[in-house]
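Asks: Dropping a structure here in structure tokens format, bear with me for questions.
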Amino acid sequence: MSDGKTSVLIADDQELVRSGYRAILSTYPDFEIAGVAANGREAVELAQQLRPDVVLMDIRMPELNGIE
């Protein structure tokens with residue numbers, strides 16, 4: 001990214017987990033939340049669109065898991 005921040009896509013099927021990761025990462029100025037996905041398919045689509053530096057993905061999710 002041009003501003004020096006690391007962009008992160010968060011993918012987890014549990015809202016509480018997504019919110020927790022978002023809250024933790026938002027305390028670090030070097031990270032930027034690029035997007036949030038609730039299932040595997042949404043994560044793949046957002047990763048292709050947003051091109052984040054890092055994807056923080058649950059390995060057990062509906063509609064494609066983190067390994068697939």
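We label chains A, B, ... in the order they appear in the structure tokens, count residues from 1 in each chain, and number ligands from 1 in the order shown.
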Please report, as a list in words, each residue of chain A to which DSSP assigns strand (DSSP E or B) when run on this structure's backbone.

Replies: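 Reading the DSSP output for chain A, strand (DSSP E or B) covers Thr6, Ser7, Val8, Leu9, Ile10, Ala11, Phe31, Glu32, Ile33, Ala34, Gly35, Val36, Ala37, Val54, Val55, Leu56 and Met57 of chain A.
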
Asks: With N, CA and C atoms retained, export the selected residues as a PDB file, in the first residue's frame.

Replies:
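Everything below was put into selection-v3.pdb:
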ATOM      1  N   THR A   6      -0.336  -1.931   6.477  1.00  0.00           N
ATOM      2  CA  THR A   6      -0.610  -3.287   6.031  1.00  0.00           C
ATOM      3  C   THR A   6      -2.116  -3.482   6.012  1.00  0.00           C
ATOM      4  N   SER A   7      -2.664  -3.795   4.843  1.00  0.00           N
ATOM      5  CA  SER A   7      -4.112  -3.988   4.735  1.00  0.00           C
ATOM      6  C   SER A   7      -4.458  -5.434   5.083  1.00  0.00           C
ATOM      7  N   VAL A   8      -5.531  -5.592   5.860  1.00  0.00           N
ATOM      8  CA  VAL A   8      -5.929  -6.902   6.362  1.00  0.00           C
ATOM      9  C   VAL A   8      -7.388  -7.167   6.013  1.00  0.00           C
ATOM     10  N   LEU A   9      -7.653  -8.349   5.487  1.00  0.00           N
ATOM     11  CA  LEU A   9      -9.009  -8.835   5.275  1.00  0.00           C
ATOM     12  C   LEU A   9      -9.296  -9.843   6.370  1.00  0.00           C
ATOM     13  N   ILE A  10     -10.366  -9.646   7.113  1.00  0.00           N
ATOM     14  CA  ILE A  10     -10.766 -10.548   8.189  1.00  0.00           C
ATOM     15  C   ILE A  10     -11.889 -11.430   7.683  1.00  0.00           C
ATOM     16  N   ALA A  11     -11.731 -12.753   7.836  1.00  0.00           N
ATOM     17  CA  ALA A  11     -12.757 -13.693   7.384  1.00  0.00           C
ATOM     18  C   ALA A  11     -13.042 -14.713   8.479  1.00  0.00           C
ATOM     19  N   PHE A  31      -1.817  -1.042  10.770  1.00  0.00           N
ATOM     20  CA  PHE A  31      -2.773  -1.933  10.120  1.00  0.00           C
ATOM     21  C   PHE A  31      -4.010  -1.175   9.693  1.00  0.00           C
ATOM     22  N   GLU A  32      -4.569  -1.604   8.564  1.00  0.00           N
ATOM     23  CA  GLU A  32      -5.812  -1.031   8.050  1.00  0.00           C
ATOM     24  C   GLU A  32      -6.730  -2.191   7.684  1.00  0.00           C
ATOM     25  N   ILE A  33      -7.962  -2.164   8.153  1.00  0.00           N
ATOM     26  CA  ILE A  33      -8.918  -3.211   7.819  1.00  0.00           C
ATOM     27  C   ILE A  33      -9.434  -2.950   6.401  1.00  0.00           C
ATOM     28  N   ALA A  34      -9.064  -3.836   5.488  1.00  0.00           N
ATOM     29  CA  ALA A  34      -9.470  -3.681   4.090  1.00  0.00           C
ATOM     30  C   ALA A  34     -10.906  -4.143   3.891  1.00  0.00           C
ATOM     31  N   GLY A  35     -11.307  -5.169   4.637  1.00  0.00           N
ATOM     32  CA  GLY A  35     -12.648  -5.694   4.489  1.00  0.00           C
ATOM     33  C   GLY A  35     -12.905  -6.799   5.492  1.00  0.00           C
ATOM     34  N   VAL A  36     -14.161  -7.230   5.555  1.00  0.00           N
ATOM     35  CA  VAL A  36     -14.588  -8.263   6.490  1.00  0.00           C
ATOM     36  C   VAL A  36     -15.539  -9.204   5.754  1.00  0.00           C
ATOM     37  N   ALA A  37     -15.304 -10.508   5.902  1.00  0.00           N
ATOM     38  CA  ALA A  37     -16.136 -11.512   5.236  1.00  0.00           C
ATOM     39  C   ALA A  37     -16.706 -12.484   6.262  1.00  0.00           C
ATOM     40  N   VAL A  54      -2.703  -9.041   3.761  1.00  0.00           N
ATOM     41  CA  VAL A  54      -2.850 -10.215   4.620  1.00  0.00           C
ATOM     42  C   VAL A  54      -4.326 -10.592   4.713  1.00  0.00           C
ATOM     43  N   VAL A  55      -4.606 -11.900   4.731  1.00  0.00           N
ATOM     44  CA  VAL A  55      -5.959 -12.386   4.983  1.00  0.00           C
ATOM     45  C   VAL A  55      -5.916 -13.193   6.276  1.00  0.00           C
ATOM     46  N   LEU A  56      -6.665 -12.751   7.256  1.00  0.00           N
ATOM     47  CA  LEU A  56      -6.789 -13.446   8.531  1.00  0.00           C
ATOM     48  C   LEU A  56      -8.070 -14.260   8.433  1.00  0.00           C
ATOM     49  N   MET A  57      -7.932 -15.598   8.197  1.00  0.00           N
ATOM     50  CA  MET A  57      -9.090 -16.410   7.838  1.00  0.00           C
ATOM     51  C   MET A  57      -9.238 -17.628   8.741  1.00  0.00           C
TER      52      MET A  57
END

Asks: If you run DSSP on the backbone, which residues of chain A are helix (DSSP H, G or I), as a list of chain:residue names?

Replies: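 Output for chain A, helix (DSSP H, G or I) only: A:Glu15, A:Leu16, A:Val17, A:Arg18, A:Ser19, A:Gly20, A:Tyr21, A:Arg22, A:Ala23, A:Ile24, A:Leu25, A:Gly40, A:Arg41, A:Glu42, A:Ala43, A:Val44, A:Glu45, A:Leu46, A:Ala47, A:Gln48, A:Gln49, A:Leu50.
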
Asks: Here is a test: counting only C-alpha atoms, which residue of A:Asp53, A:Glu42, A:Asp58, A:Ile67 is nearest to A:Tyr21?

Replies: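 Result for the nearest residue to A:Tyr21: A:Asp58.
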
Asks: Between atom CA of A:Thr27 and atom CA of A:Pro52, what is the distance, to one decimal in Å?

Replies: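 A separation of 18.4 Å between them.
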
Asks: What does the distance between atom CA of A:Asn39 and atom CA of A:Arg51 come to in Å, to one decimal place?

Replies: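 Between these atoms lies a distance of 17.2 Å.
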